[in-house]
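**Student:** Next comes coords22.cif, mmCIF, C-alpha atoms:
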```
data_run
#
loop_
_atom_site.label_atom_id
_atom_site.label_comp_id
_atom_site.auth_asym_id
_atom_site.auth_seq_id
_atom_site.Cartn_x
_atom_site.Cartn_y
_atom_site.Cartn_z
CA MET K 593 60.34 62.22 33.45
CA GLU K 594 57.65 60.42 35.41
CA ARG K 595 58.68 57.44 37.51
CA ILE K 596 57.30 54.22 36.08
CA ALA K 597 54.79 52.36 38.24
CA SER K 598 57.14 49.57 39.33
CA PHE K 599 59.63 52.12 40.73
CA THR K 600 56.96 53.56 43.06
CA ILE K 601 56.70 50.31 45.07
CA ASN K 602 58.77 50.29 48.26
CA HIS K 603 61.08 47.37 47.54
CA LEU K 604 62.38 47.47 51.13
CA LYS K 605 58.96 46.25 52.30
CA LEU K 606 58.14 44.00 49.33
CA LEU K 607 57.87 40.28 50.07
CA PRO K 608 57.22 37.29 47.83
CA GLY K 609 53.66 37.32 46.51
CA LEU K 610 51.35 37.73 43.54
CA TYR K 611 50.61 41.38 42.81
CA VAL K 612 49.00 43.52 40.13
CA SER K 613 51.84 45.61 38.78
CA ARG K 614 49.65 47.62 36.41
CA ARG K 615 46.55 47.65 34.25
CA ASP K 616 46.64 49.17 30.78
CA GLN K 617 43.63 50.11 28.69
CA LYS K 618 43.55 50.77 24.95
CA GLY K 619 40.07 51.09 23.50
CA ASP K 620 38.06 48.09 24.66
CA CYS K 621 41.16 46.06 25.54
CA THR K 622 42.51 45.83 29.09
CA VAL K 623 45.81 44.15 29.83
CA THR K 624 46.85 43.28 33.39
CA THR K 625 50.51 42.85 34.31
CA PHE K 626 51.15 40.63 37.31
CA ASP K 627 54.25 40.75 39.48
CA LEU K 628 55.16 37.22 40.54
CA ARG K 629 57.64 38.24 43.22
CA ILE K 630 59.60 35.09 43.99
CA THR K 631 62.26 36.49 46.35
CA ALA K 632 62.33 39.43 48.78
CA PRO K 633 64.16 42.29 47.01
CA ASN K 634 67.30 43.62 48.66
CA ARG K 635 67.05 41.03 51.46
CA GLU K 636 67.48 37.69 49.73
CA PRO K 637 70.02 36.82 47.04
CA VAL K 638 68.68 37.28 43.54
CA MET K 639 67.82 34.18 41.54
CA ASP K 640 70.70 32.78 39.56
CA MET K 641 70.36 33.16 35.80
CA PRO K 642 70.23 29.48 34.79
CA ALA K 643 67.36 28.83 37.24
CA LEU K 644 65.51 31.99 36.22
CA HIS K 645 65.95 31.07 32.54
CA THR K 646 64.51 27.63 33.24
CA ILE K 647 61.56 29.14 35.13
CA GLU K 648 60.91 31.35 32.09
CA HIS K 649 60.95 28.39 29.68
CA MET K 650 58.85 26.14 31.91
CA ALA K 651 56.27 28.73 32.96
CA ALA K 652 55.81 30.13 29.46
CA THR K 653 55.37 26.60 28.09
CA TYR K 654 52.82 25.71 30.75
CA LEU K 655 50.85 28.95 30.47
CA ARG K 656 50.72 28.89 26.67
CA ASN K 657 49.37 25.35 26.80
CA SER K 658 46.91 25.89 29.65
CA ALA K 659 43.15 26.29 29.37
CA GLN K 660 43.78 30.07 29.59
CA LYS K 661 46.35 30.11 26.78
CA ASP K 662 44.34 32.63 24.72
CA GLU K 663 44.49 35.08 27.63
CA ILE K 664 48.30 34.97 28.01
CA VAL K 665 50.24 37.82 26.42
CA TYR K 666 53.69 37.35 27.94
CA PHE K 667 55.67 35.66 30.71
CA GLY K 668 59.24 36.63 31.47
CA PRO K 669 61.83 37.50 34.09
CA MET K 670 62.36 40.84 35.80
CA GLY K 671 65.71 42.46 35.19
CA CYS K 672 66.35 42.58 38.95
CA ARG K 673 66.06 38.77 39.06
CA THR K 674 63.64 38.76 42.02
CA GLY K 675 60.59 37.61 40.07
CA CYS K 676 58.73 37.42 36.79
CA TYR K 677 55.99 39.30 34.98
CA LEU K 678 52.86 37.63 33.67
CA VAL K 679 50.84 39.76 31.25
CA MET K 680 47.25 38.73 30.51
CA PHE K 681 44.33 40.11 28.57
CA GLY K 682 41.49 41.33 30.79
CA ASP K 683 40.95 43.32 33.95
CA ARG K 684 42.08 40.74 36.50
CA ASN K 685 43.04 40.42 40.14
CA PRO K 686 45.53 38.06 41.80
CA GLU K 687 42.66 36.02 43.23
CA ASP K 688 41.48 35.39 39.64
CA ILE K 689 44.73 33.72 38.61
CA PHE K 690 45.90 32.20 41.90
CA ASP K 691 44.92 28.66 40.85
CA LEU K 692 46.62 29.12 37.46
CA VAL K 693 49.86 30.24 39.14
CA ILE K 694 49.73 27.33 41.62
CA ALA K 695 49.16 24.90 38.72
CA MET K 696 52.11 26.48 36.89
CA CYS K 697 54.26 25.94 39.99
CA ASP K 698 53.08 22.32 40.25
CA PHE K 699 53.96 21.75 36.60
CA ILE K 700 57.50 23.02 37.14
CA LEU K 701 57.92 21.05 40.37
CA SER K 702 56.80 17.78 38.81
CA TYR K 703 58.63 18.20 35.49
CA GLU K 704 61.42 15.81 34.53
CA GLY K 705 63.22 15.70 31.22
CA GLU K 706 64.57 18.15 28.67
CA ILE K 707 63.67 21.79 29.19
CA PRO K 708 61.21 22.90 26.48
CA GLY K 709 62.89 25.19 23.99
CA ALA K 710 66.40 24.51 25.28
CA GLN K 711 67.89 23.66 21.91
CA PRO K 712 70.33 25.83 19.95
CA ASP K 713 67.84 26.42 17.14
CA GLN K 714 65.10 27.44 19.63
CA CYS K 715 66.85 29.68 22.19
CA GLY K 716 69.60 32.28 22.12
CA ASN K 717 71.27 30.86 25.24
CA TYR K 718 69.91 27.32 25.29
CA SER K 719 72.61 25.79 27.51
CA GLU K 720 72.08 28.12 30.48
CA GLN K 721 69.41 26.11 32.31
CA ASN K 722 69.09 24.63 35.80
CA LEU K 723 65.91 22.68 36.51
CA ASN K 724 66.90 21.69 40.04
CA MET K 725 67.49 25.29 41.13
CA ALA K 726 64.33 26.41 39.31
CA LYS K 727 62.42 23.86 41.39
CA TYR K 728 64.08 25.18 44.55
CA TYR K 729 62.86 28.75 43.89
CA ILE K 730 59.39 27.65 42.74
CA ARG K 731 58.93 25.33 45.74
CA LYS K 732 59.74 28.24 48.07
CA TYR K 733 57.48 30.61 46.08
CA ARG K 734 54.55 28.18 46.06
CA ARG K 735 54.84 27.75 49.82
CA GLU K 736 54.85 31.54 50.28
CA LEU K 737 51.75 31.92 48.09
CA ASN K 738 49.83 29.24 49.98
CA ASP K 739 50.92 30.35 53.45
CA ASN K 740 50.68 34.12 53.08
CA ARG K 741 48.62 35.00 50.00
CA ARG K 742 50.21 38.41 49.57
CA PHE K 743 48.11 40.04 46.85
CA ARG K 744 48.51 43.77 47.65
CA TYR K 745 51.71 45.78 47.46
CA PRO K 746 52.93 47.10 50.82
CA GLU K 747 52.23 50.74 51.64
#
```
Just give me the structure as structure tokens.
**Tutor:**
Amino acid sequence: MERIASFTINHLKLLPGLYVSRRDQKGDCTVTTFDLRITAPNREPVMDMPALHTIEHMAATYLRNSAQKDEIVYFGPMGCRTGCYLVMFGDRNPEDIFDLVIAMCDFILSYEGEIPGAQPDQCGNYSEQNLNMAKYYIRKYRRELNDNRRFRYPE
């Protein structure tokens, strides 16, 4: 079997950033999958599940209510718990969505109150949430994006 694209990236060199994981084309439709790498794989502890779950709820809510909501296909966590995937319609680059991702981070960092969708009738594991730890990871990620602007996978 062929190795999937995400397994060809050297995770020993990968640092937090905003990367294009892949572009898929079907007919006239292009979909871009972004890798929002929040922690350094195999060097930093993985994100804890309650915080990652909260990031998923908060980011998906923000993105699906943003001015670009019609361009959002999916937002969700990576199984390795070092980041999230954002899937969008269109042939895009990290520079195209940098402001959107920063605004998403700002939304999470400024949010107070009940986590959207964290009710038993809305989520399969509604009680596993941690807004404070989600803010910790997102604050660190936002700082990395602003300070380093890593947009290309390491060689």
**Student:** For the file shown, what are the residues hit by the PyMOL selection byres ((chain K and resi 641) around 8), laid out as a list of chain:residue names?
**Tutor:** K:Met639, K:Asp640, K:Pro642, K:Ala643, K:Leu644, K:His645, K:Arg673, K:Glu720, K:Gln721
**Student:** Considering only C-alpha atoms, state which residue in the set K:Lys727, K:Arg629, K:Arg742, K:Lys618 is at the smallest distance from Met670 of chain K.
**Tutor:**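 For Met670 of chain K, the nearest of the candidates is K:Arg629.
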**Student:** Identify, on the basis of only C-alpha atoms, every residue whose closest approach to segment 632-636 of chain K does not exceed 12 Å; exclude the query and any residue fewer than 6 positions from it along the same chain; express the result as a tab-separated table (two decimals) with C-alpha atoms, in the frame of the given file.
**Tutor:**
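And here is the file that came out, selection-v2.tsv:
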```
chain	number	residue	atom	x	y	z
K	601	ILE	CA	56.70	50.31	45.07
K	602	ASN	CA	58.77	50.29	48.26
K	603	HIS	CA	61.08	47.37	47.54
K	604	LEU	CA	62.38	47.47	51.13
K	605	LYS	CA	58.96	46.25	52.30
K	606	LEU	CA	58.14	44.00	49.33
K	607	LEU	CA	57.87	40.28	50.07
K	608	PRO	CA	57.22	37.29	47.83
K	609	GLY	CA	53.66	37.32	46.51
K	670	MET	CA	62.36	40.84	35.80
K	671	GLY	CA	65.71	42.46	35.19
K	672	CYS	CA	66.35	42.58	38.95
K	673	ARG	CA	66.06	38.77	39.06
K	674	THR	CA	63.64	38.76	42.02
K	675	GLY	CA	60.59	37.61	40.07
K	729	TYR	CA	62.86	28.75	43.89
K	732	LYS	CA	59.74	28.24	48.07
K	733	TYR	CA	57.48	30.61	46.08
K	736	GLU	CA	54.85	31.54	50.28
```
**Student:** Could you work out how far atom CA of Tyr677 of chain K lies from atom CA of Cys621 of chain K, giving the answer in Å with one decimal?
**Tutor:**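 About the pair atom CA of Cys621 of chain K and atom CA of Tyr677 of chain K: they are 18.8 Å apart.
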**Student:** Written as a PyMOL selection string, what is the full residue list that the PyMOL selection byres ((chain K and resi 683) around 8) yields on the file shown?
**Tutor:** chain K and resi 615+622-624+681-682+684-685
**Student:** So that all listed atoms of segment 628-638 of chain K fit with 6 Å spare on each side, what axis-aligned box centre and edge lengths in Å, to one decimal, would you give as JSON?
**Tutor:**
```
{"center_x": 62.6, "center_y": 39.4, "center_z": 46.0, "size_x": 26.9, "size_y": 20.5, "size_z": 22.9}
```
